[in-house]
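So this block is run_38.tsv, TSV, C-alpha atoms and all ligand atoms:
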chain	number	residue	atom	x	y	z
A	433	MET	CA	0.00	0.00	0.00
A	434	SER	CA	1.42	3.44	-0.92
A	435	ASP	CA	1.59	6.42	1.44
A	436	GLN	CA	-1.19	8.03	-0.60
A	437	ASP	CA	-3.54	5.09	0.05
A	438	GLU	CA	-3.01	5.38	3.80
A	439	ILE	CA	-4.25	8.96	3.99
A	440	ILE	CA	-7.97	9.19	4.72
A	441	LEU	CA	-8.86	12.69	3.55
A	442	SER	CA	-12.01	12.92	5.65
A	443	GLU	CA	-9.98	12.32	8.82
A	444	LEU	CA	-7.74	15.34	8.26
A	445	ASN	CA	-8.57	18.68	9.83
A	446	ASP	CA	-9.31	21.57	7.45
A	447	GLU	CA	-5.80	22.96	7.41
A	448	ASP	CA	-4.14	19.57	6.82
A	449	LEU	CA	-6.70	18.69	4.20
A	450	ALA	CA	-5.97	21.89	2.25
A	451	LEU	CA	-2.24	21.12	2.47
A	452	GLN	CA	-2.87	17.53	1.37
A	453	MET	CA	-4.85	18.87	-1.59
A	454	HIS	CA	-1.85	20.97	-2.63
A	455	ASP	CA	0.16	17.71	-2.69
A	456	ASP	CA	-2.61	15.86	-4.54
A	457	LEU	CA	-2.83	18.62	-7.12
A	458	TYR	CA	0.93	18.49	-7.50
A	459	ASP	CA	0.65	14.73	-8.09
A	460	GLY	CA	-2.25	15.19	-10.53
A	461	LEU	CA	-4.68	13.11	-8.48
A	462	SER	CA	-8.07	14.16	-9.81
A	463	GLU	CA	-10.16	11.78	-7.70
A	464	GLU	CA	-8.55	12.99	-4.49
A	465	ILE	CA	-9.08	16.61	-5.52
A	466	VAL	CA	-12.76	15.90	-6.15
A	467	GLU	CA	-13.05	14.16	-2.78
A	468	GLY	CA	-11.20	16.93	-0.93
A	469	THR	CA	-13.29	19.63	-2.60
A	470	ASN	CA	-16.50	17.89	-1.57
A	471	ILE	CA	-15.29	17.39	1.99
A	472	LEU	CA	-14.39	21.06	2.43
A	473	LEU	CA	-17.72	22.18	0.96
A	474	GLY	CA	-19.46	19.72	3.27
A	475	ARG	CA	-17.68	21.31	6.23
A	476	GLY	CA	-19.11	24.68	5.31
A	477	TRP	CA	-16.26	26.19	3.30
A	478	GLY	CA	-17.58	28.59	0.66
A	479	PRO	CA	-16.71	27.77	-2.96
A	480	SER	CA	-14.41	30.82	-3.27
A	481	LYS	CA	-12.46	29.75	-0.18
A	482	VAL	CA	-12.00	26.20	-1.52
A	483	LEU	CA	-10.96	27.63	-4.88
A	484	ASP	CA	-8.43	30.09	-3.45
A	485	GLU	CA	-6.97	28.18	-0.53
A	486	ALA	CA	-7.01	24.58	-1.80
A	487	LEU	CA	-6.87	24.75	-5.61
A	488	VAL	CA	-5.32	28.06	-6.73
A	489	GLU	CA	-2.69	27.90	-3.99
A	490	GLY	CA	-1.84	24.32	-5.04
A	491	MET	CA	-1.47	25.44	-8.65
A	492	ARG	CA	0.79	28.28	-7.54
A	493	ILE	CA	3.17	25.73	-6.04
A	494	VAL	CA	3.04	23.66	-9.24
A	495	GLY	CA	3.92	26.85	-11.17
A	496	ILE	CA	7.01	27.47	-9.05
A	497	ASP	CA	8.38	23.96	-9.61
A	498	PHE	CA	7.53	24.14	-13.33
A	499	ARG	CA	9.50	27.36	-13.55
A	500	ASP	CA	12.42	25.82	-11.69
A	501	GLY	CA	12.56	22.75	-13.93
A	502	ILE	CA	11.44	20.33	-11.21
A	503	LEU	CA	8.13	19.56	-12.94
A	504	PHE	CA	7.67	19.13	-16.69
A	505	VAL	CA	4.77	19.57	-19.11
A	506	PRO	CA	3.22	16.07	-18.66
A	507	GLU	CA	3.12	16.44	-14.87
A	508	VAL	CA	1.76	19.97	-15.10
A	509	LEU	CA	-0.95	18.77	-17.49
A	510	LEU	CA	-2.01	16.17	-14.93
A	511	ALA	CA	-2.07	18.86	-12.25
A	512	ALA	CA	-4.14	21.07	-14.56
A	513	ASN	CA	-6.62	18.23	-15.10
A	514	ALA	CA	-6.93	17.69	-11.36
A	515	MET	CA	-7.51	21.43	-10.91
A	516	LYS	CA	-10.24	21.32	-13.55
A	517	ALA	CA	-11.92	18.38	-11.81
A	518	GLY	CA	-12.19	20.49	-8.64
A	519	MET	CA	-13.31	23.55	-10.58
A	520	ALA	CA	-16.10	21.52	-12.22
A	521	ILE	CA	-17.65	21.01	-8.77
A	522	LEU	CA	-17.27	24.66	-7.79
A	523	ARG	CA	-18.49	26.14	-11.08
A	524	PRO	CA	-22.27	25.78	-10.48
A	525	LEU	CA	-21.88	26.99	-6.90
A	526	LEU	CA	-20.01	30.11	-7.96
A	527	ALA	CA	-22.50	30.78	-10.73
A	528	GLU	CA	-25.61	30.51	-8.52
A	529	THR	CA	-27.27	33.90	-8.82
A	530	GLY	CA	-30.58	33.07	-10.45
A	531	ALA	CA	-30.84	36.66	-11.69
A	532	GLU	CA	-31.16	37.94	-15.27
A	533	PRO	CA	-27.74	38.40	-16.91
A	534	ILE	CA	-26.39	41.92	-16.32
A	535	GLY	CA	-24.30	41.78	-19.49
A	536	LYS	CA	-22.67	39.48	-21.97
A	537	ILE	CA	-18.96	38.76	-22.40
A	538	VAL	CA	-17.02	36.90	-25.05
A	539	ILE	CA	-13.77	35.58	-23.58
A	540	GLY	CA	-10.89	33.52	-24.94
A	541	THR	CA	-7.19	32.81	-24.70
A	542	VAL	CA	-5.23	34.42	-27.53
A	543	LYS	CA	-3.59	32.78	-30.52
A	544	GLY	CA	-0.56	30.59	-29.77
A	545	ASP	CA	-1.54	30.11	-26.14
A	546	ILE	CA	-3.21	27.00	-24.73
A	547	HIS	CA	-3.38	28.00	-21.05
A	548	ASP	CA	-7.00	28.05	-19.96
A	549	ILE	CA	-7.25	27.52	-16.21
A	550	GLY	CA	-7.13	31.21	-15.32
A	551	LYS	CA	-9.47	32.12	-18.17
A	552	ASN	CA	-11.91	29.42	-17.04
A	553	LEU	CA	-11.81	30.82	-13.51
A	554	VAL	CA	-12.51	34.29	-14.81
A	555	GLY	CA	-15.48	32.89	-16.74
A	556	MET	CA	-16.78	31.21	-13.59
A	557	MET	CA	-16.47	34.38	-11.51
A	558	LEU	CA	-18.16	36.43	-14.22
A	559	GLU	CA	-21.04	33.96	-14.34
A	560	GLY	CA	-21.24	34.26	-10.58
A	561	ALA	CA	-21.34	38.04	-10.92
A	562	GLY	CA	-24.34	37.73	-13.25
A	563	PHE	CA	-22.80	37.81	-16.73
A	564	GLU	CA	-23.62	35.54	-19.64
A	565	VAL	CA	-20.24	34.13	-20.68
A	566	ILE	CA	-19.38	32.94	-24.18
A	567	ASP	CA	-16.11	31.07	-23.87
A	568	LEU	CA	-14.10	30.70	-27.07
A	569	GLY	CA	-11.53	28.40	-25.47
A	570	ILE	CA	-7.84	28.59	-26.33
A	571	ASN	CA	-5.60	29.63	-29.22
A	572	ASN	CA	-7.92	32.24	-30.73
A	573	PRO	CA	-6.87	34.18	-33.81
A	574	VAL	CA	-8.35	37.64	-34.31
A	575	GLU	CA	-10.91	36.15	-36.75
A	576	ALA	CA	-12.38	33.99	-33.96
A	577	TYR	CA	-12.94	37.05	-31.74
A	578	LEU	CA	-14.47	38.98	-34.65
A	579	GLU	CA	-16.83	36.14	-35.58
A	580	ALA	CA	-17.90	35.73	-31.96
A	581	ILE	CA	-18.64	39.40	-31.36
A	582	GLU	CA	-20.55	39.55	-34.64
A	583	GLU	CA	-22.60	36.50	-33.65
A	584	HIS	CA	-23.16	37.15	-29.94
A	585	LYS	CA	-23.12	40.97	-29.79
A	586	PRO	CA	-21.53	41.07	-26.32
A	587	ASP	CA	-21.01	44.10	-24.09
A	588	LEU	CA	-17.49	43.02	-23.19
A	589	LEU	CA	-14.57	41.24	-24.78
A	590	GLY	CA	-12.07	39.44	-22.53
A	591	MET	CA	-8.67	38.13	-23.54
A	592	SER	CA	-6.27	35.94	-21.60
A	593	ALA	CA	-2.55	35.28	-22.21
A	594	LEU	CA	-0.07	33.42	-20.03
A	595	LEU	CA	3.03	33.69	-22.17
A	596	THR	CA	5.20	36.73	-22.78
A	597	THR	CA	5.31	35.59	-26.42
A	598	THR	CA	1.51	35.58	-26.84
A	599	MET	CA	0.47	38.64	-24.82
A	600	PRO	CA	1.38	41.09	-27.65
A	601	TYR	CA	-1.36	39.43	-29.72
A	602	MET	CA	-3.92	41.30	-27.63
A	603	LYS	CA	-2.81	44.46	-29.40
A	604	VAL	CA	-3.39	42.78	-32.77
A	605	VAL	CA	-6.99	42.09	-31.77
A	606	ILE	CA	-7.62	45.59	-30.36
A	607	ASP	CA	-5.96	47.28	-33.35
A	608	THR	CA	-8.17	45.23	-35.68
A	609	LEU	CA	-11.26	46.41	-33.77
A	610	LYS	CA	-10.02	50.00	-34.20
A	611	GLU	CA	-9.40	49.52	-37.93
A	612	LYS	CA	-12.95	48.25	-38.30
A	613	GLY	CA	-14.29	51.24	-36.34
A	614	ILE	CA	-15.90	49.02	-33.69
A	615	ARG	CA	-13.39	49.33	-30.82
A	616	ASP	CA	-15.64	51.56	-28.74
A	617	ASP	CA	-18.61	49.23	-29.05
A	618	TYR	CA	-17.03	46.90	-26.50
A	619	ILE	CA	-15.47	47.06	-23.07
A	620	VAL	CA	-12.16	45.24	-23.53
A	621	LEU	CA	-10.65	43.48	-20.51
A	622	VAL	CA	-7.30	41.72	-20.52
A	623	GLY	CA	-5.59	39.46	-18.00
A	624	GLY	CA	-2.99	36.77	-17.43
A	625	ALA	CA	0.02	36.27	-15.19
A	626	PRO	CA	2.65	38.15	-17.27
A	627	LEU	CA	0.48	41.24	-17.84
A	628	ASN	CA	0.23	44.41	-15.77
A	629	GLU	CA	-1.66	47.73	-15.73
A	630	GLU	CA	0.89	49.38	-17.95
A	631	PHE	CA	0.65	46.67	-20.57
A	632	GLY	CA	-3.15	46.82	-20.52
A	633	ALA	CA	-3.03	50.57	-21.16
A	634	ALA	CA	-0.35	50.21	-23.85
A	635	VAL	CA	-2.38	47.74	-25.91
A	636	GLY	CA	-5.48	49.91	-25.61
A	637	ALA	CA	-7.61	47.76	-23.30
A	638	ASP	CA	-10.21	49.37	-21.02
A	639	ALA	CA	-8.78	47.50	-18.05
A	640	TYR	CA	-6.19	44.98	-16.95
A	641	CYS	CA	-7.57	42.51	-14.40
A	642	ARG	CA	-5.12	41.03	-11.92
A	643	ASP	CA	-7.29	38.06	-11.04
A	644	ALA	CA	-10.73	36.56	-11.51
A	645	ALA	CA	-12.31	38.48	-8.65
A	646	VAL	CA	-10.96	41.77	-10.00
A	647	ALA	CA	-12.21	40.79	-13.47
A	648	ALA	CA	-15.74	40.32	-12.10
A	649	GLU	CA	-15.65	43.59	-10.15
A	650	THR	CA	-14.21	45.52	-13.09
A	651	ALA	CA	-16.76	44.07	-15.51
A	652	GLN	CA	-19.59	45.07	-13.18
A	653	ALA	CA	-18.23	48.58	-12.65
A	654	LEU	CA	-17.57	49.28	-16.33
A	655	MET	CA	-20.91	47.77	-17.31
A	656	ALA	CA	-22.72	50.07	-14.86
A	657	LYS	CA	-20.82	53.05	-16.31
A	658	LYS	CA	-21.74	52.00	-19.86
A	659	ARG	CA	-25.44	51.73	-18.94
A	660	LEU	CA	-25.35	55.13	-17.23
A	661	LEU	CA	-23.76	56.79	-20.28
A	662	ALA	CA	-26.30	55.09	-22.56
A	663	SER	CA	-29.20	56.35	-20.43
A	664	GLU	CA	-27.78	59.91	-20.42
A	665	ASP	CA	-27.48	59.82	-24.23
A	666	ALA	CA	-31.04	58.55	-24.65
A	701	LIG	CO1	2.69	26.86	-18.99
A	701	LIG	N1	3.86	28.39	-18.65
A	701	LIG	N2	3.65	26.49	-20.65
A	701	LIG	N3	1.60	25.26	-19.08
A	701	LIG	N4	2.17	27.19	-17.23
A	701	LIG	C1	3.56	29.22	-17.49
A	701	LIG	C2	2.62	30.34	-17.87
A	701	LIG	C3	5.00	29.72	-17.06
A	701	LIG	C4	4.99	31.07	-16.32
A	701	LIG	C5	5.69	28.62	-16.24
A	701	LIG	C6	7.05	29.03	-15.77
A	701	LIG	O1	7.99	28.96	-16.48
A	701	LIG	N5	7.09	29.46	-14.53
A	701	LIG	C7	5.71	29.79	-18.43
A	701	LIG	C8	5.62	31.12	-19.18
A	701	LIG	C9	6.91	31.89	-19.19
A	701	LIG	C10	6.79	33.15	-19.96
A	701	LIG	O2	6.10	33.31	-20.90
A	701	LIG	N6	7.55	34.11	-19.50
A	701	LIG	C11	5.04	28.66	-19.17
A	701	LIG	C12	5.58	28.01	-20.30
A	701	LIG	C13	6.98	28.40	-20.69
A	701	LIG	C14	4.88	27.02	-21.01
A	701	LIG	C15	5.34	26.27	-22.28
A	701	LIG	C16	6.05	27.12	-23.34
A	701	LIG	C17	6.21	25.10	-21.79
A	701	LIG	C18	6.84	24.26	-22.87
A	701	LIG	O3	6.17	23.72	-23.70
A	701	LIG	N7	8.13	24.24	-22.80
A	701	LIG	C19	4.00	25.69	-22.81
A	701	LIG	C20	3.29	26.68	-23.76
A	701	LIG	C21	2.11	26.08	-24.43
A	701	LIG	C22	1.31	27.14	-25.19
A	701	LIG	O4	0.48	27.81	-24.60
A	701	LIG	N8	1.58	27.30	-26.46
A	701	LIG	C23	3.24	25.55	-21.54
A	701	LIG	C24	2.27	24.58	-21.31
A	701	LIG	C25	1.57	24.43	-20.14
A	701	LIG	C26	0.63	23.25	-19.86
A	701	LIG	C27	-0.14	22.79	-21.09
A	701	LIG	C28	1.47	22.11	-19.33
A	701	LIG	C29	-0.24	23.81	-18.69
A	701	LIG	C30	-1.55	24.50	-19.15
A	701	LIG	C31	-2.75	23.63	-18.92
A	701	LIG	C32	-4.01	24.43	-19.06
A	701	LIG	O5	-4.09	25.63	-18.86
A	701	LIG	N9	-5.04	23.71	-19.44
A	701	LIG	C33	0.67	24.91	-18.14
A	701	LIG	C34	0.50	25.50	-16.85
A	701	LIG	C35	-0.57	24.87	-15.97
A	701	LIG	C36	1.29	26.59	-16.41
A	701	LIG	C37	1.38	27.20	-15.00
A	701	LIG	C38	2.17	26.22	-14.15
A	701	LIG	C39	0.10	27.52	-14.28
A	701	LIG	C40	-0.87	28.43	-15.04
A	701	LIG	C41	-2.16	28.43	-14.29
A	701	LIG	O6	-3.08	27.71	-14.63
A	701	LIG	N10	-2.20	29.19	-13.18
A	701	LIG	C42	2.15	28.56	-15.30
A	701	LIG	C43	2.98	29.06	-14.14
A	701	LIG	C44	2.31	30.21	-13.41
A	701	LIG	O7	1.50	30.95	-13.94
A	701	LIG	N11	2.68	30.36	-12.19
A	701	LIG	C45	2.75	28.30	-16.62
A	701	LIG	C46	-3.34	29.22	-12.28
A	701	LIG	C47	-4.34	30.28	-12.76
A	701	LIG	C48	-5.48	30.32	-11.75
A	701	LIG	O8	-3.71	31.54	-12.77
A	701	LIG	O9	-3.59	31.59	-15.29
A	701	LIG	O10	-2.48	33.42	-13.91
A	701	LIG	P1	-3.58	32.45	-14.08
A	701	LIG	O11	-4.95	33.24	-14.12
A	701	LIG	C49	-5.32	34.23	-13.17
A	701	LIG	C50	-4.89	35.65	-13.55
A	701	LIG	O12	-3.74	35.70	-14.38
A	701	LIG	C51	-6.11	36.27	-14.16
A	701	LIG	O13	-7.16	35.64	-13.42
A	701	LIG	C52	-6.84	34.27	-13.22
A	701	LIG	C53	-7.53	33.75	-12.00
A	701	LIG	O14	-7.33	34.52	-10.85
A	701	LIG	N12	-6.42	36.08	-15.57
A	701	LIG	C54	-7.32	36.89	-16.21
A	701	LIG	C55	-6.03	35.13	-16.45
A	701	LIG	N13	-6.61	35.30	-17.63
A	701	LIG	C56	-7.42	36.38	-17.53
A	701	LIG	C57	-8.26	36.98	-18.47
A	701	LIG	C58	-8.99	38.09	-18.08
A	701	LIG	C59	-8.87	38.59	-16.77
A	701	LIG	C60	-8.03	38.00	-15.81
A	701	LIG	O15	-9.80	38.61	-19.01
A	701	LIG	C61	-10.72	39.50	-18.69
Take the structure in the file and write it out as structure tokens.
Ligand code: B1M
Amino acid sequence: MSDQDEIILSELNDEDLALQMHDDLYDGLSEEIVEGTNILLGRGWGPSKVLDEALVEGMRIVGIDFRDGILFVPEVLLAANAMKAGMAILRPLLAETGAEPIGKIVIGTVKGDIHDIGKNLVGMMLEGAGFEVIDLGINNPVEAYLEAIEEHKPDLLGMSALLTTTMPYMKVVIDTLKEKGIRDDYIVLVGGAPLNEEFGAAVGADAYCRDAAVAAETAQALMAKKRLLASEDA
């Protein structure tokens, strides 16, 4: 029997369970992540707390060892899958508002980039904040964004990039919107680990969002401003 088999997750206290989940995420153990997520929810943890303290923190540790060459792509993919298994349980809980959508957002990871965990989290938080979310997935060329905004007529456009080599593509998308004369029809939000405020401003976005919670708050604030301006013009 391995060490892993000997650990009964339900017998751990909250703090040890969260720590164990960091290890399980690191080891890409989806079933254990699902079990741990359910146990913490059952003990009264809110979905945001489980997300932040058990899953996102675990992924942060994975990121450090990936950077340092201790973990490689296959292991990180397993960790990402385990993270997604936990997120699948939290998604409906975070999205429970029952209210009419307060706006619509098209969101996707830019061309050349296949990272989607952060973008998925942003989508979940936006749903929770009352937005209808159209998720274009990963590796989106400018044409995919254009088609989606034409089809769905959103209020906001969100772009995610996790690589320093793909983040400049956000400017390609925004410049194309400008060329077509439709830039100001949308609130454009950008995010991703290598970005910052300055970059967001330089590419011409309306806002850079540091994390999923900030993305939801920013979307709500800018949406309220847009509605106010529209009502003043009417
Ligand atoms: Co990649 N990877 N990866 N990777 N990967 C990073 C990004 C890296 C920083 C790791 C490192 O070296 N420390 C590094 C980038 C270095 C750089 O560009 N300077 C890197 C690299 C190099 C690579 C490859 C090139 C590796 C290789 O092949 N040699 C390759 C590239 C593939 C490609 O995209 N073309 C690659 C591949 C992969 C995997 C496939 C193995 C996997 C992705 C699986 C998946 O997403 N389905 C992976 C992962 C998991 C990571 C790390 C470890 C974790 C990313 C993550 O999910 N974080 C990452 C290291 C790190 O970031 N610490 C790394 C958790 C997530 C919750 O945070 O995504 O930052 P984050 O999202 C946050 C905010 O940024 C913000 O809100 C989110 C939630 O709070 N946010 C937004 C994100 N998007 C937003 C959009 C918005 C608003 C806010 O719009 C409105």
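A straight line drawn from atom O11 of ligand LIG 701 (chain A) to CA of Ile614 (chain A) is 27.4 Å long.
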Contacts of Ile534 (chain A) at 12 Å or less, counting all atoms listed in the file, minus same-chain residues fewer than 4 places along, as a CSV table (one decimal) with C-alpha atoms, in the coordinates of the input?
chain,number,residue,atom,x,y,z
A,529,THR,CA,-27.3,33.9,-8.8
A,530,GLY,CA,-30.6,33.1,-10.4
A,558,LEU,CA,-18.2,36.4,-14.2
A,559,GLU,CA,-21.0,34.0,-14.3
A,560,GLY,CA,-21.2,34.3,-10.6
A,561,ALA,CA,-21.3,38.0,-10.9
A,562,GLY,CA,-24.3,37.7,-13.2
A,563,PHE,CA,-22.8,37.8,-16.7
A,564,GLU,CA,-23.6,35.5,-19.6
A,565,VAL,CA,-20.2,34.1,-20.7
A,586,PRO,CA,-21.5,41.1,-26.3
A,587,ASP,CA,-21.0,44.1,-24.1
A,588,LEU,CA,-17.5,43.0,-23.2
A,648,ALA,CA,-15.7,40.3,-12.1
A,651,ALA,CA,-16.8,44.1,-15.5
A,652,GLN,CA,-19.6,45.1,-13.2
A,653,ALA,CA,-18.2,48.6,-12.6
A,654,LEU,CA,-17.6,49.3,-16.3
A,655,MET,CA,-20.9,47.8,-17.3
A,656,ALA,CA,-22.7,50.1,-14.9
A,658,LYS,CA,-21.7,52.0,-19.9
A,659,ARG,CA,-25.4,51.7,-18.9
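Among the candidate residues A:Ala662, A:Leu553, A:Ile502, A:Ala520, the one lying nearest to Val488 (chain A) is A:Leu553, with distances computed using all atoms listed in the file.
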Test item: residues lying within 6 Å of ligand LIG 701 (chain A) with only C-alpha atoms and all ligand atoms, as a count of residues only:
38
Can you pull out the residues contacting Ile440 (chain A)? Cut-off 12 Å, using all atoms listed in the file, and skip same-chain residues under 4 positions away; I want them as a PyMOL selection string.
chain A and resi 435-436+444-445+448-449+452-453+464+467-468+471
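Note that CA of Lys585 (chain A) and CA of Asn571 (chain A) are 20.9 Å apart.
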Give me the residues near Glu485 (chain A) as a list in words, where near means some atom within 10 Å (using only C-alpha atoms) and where sequence neighbours in that chain fewer than 5 positions away do not count.
Glu447, Ala450, Leu451, Met453, His454, Ser480 and Gly490 of chain A
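Between Ser462 (chain A) and the residues A:Leu483, A:Met515, A:Leu609, A:Ile439, the shortest atom-to-atom distance, using only C-alpha atoms, involves A:Met515.
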I'd like the contact shell of Ala511 (chain A) - 6 Å cut-off, all atoms listed in the file, skipping same-chain residues fewer than 2 positions apart - returned as a PyMOL selection string.
chain A and resi 457-458+460+508-509+513-514
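Note that the spacing between CA of Ile606 (chain A) and CA of Thr650 (chain A) amounts to 18.5 Å.
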Would you list the contacts of Asp607 (chain A) as a PyMOL selection string, taking every protein, DNA or RNA residue within 12 Å and counting only C-alpha atoms, but skipping same-chain residues closer than 6 positions in sequence?
chain A and resi 574+578+600-601+613-616+620+634-637
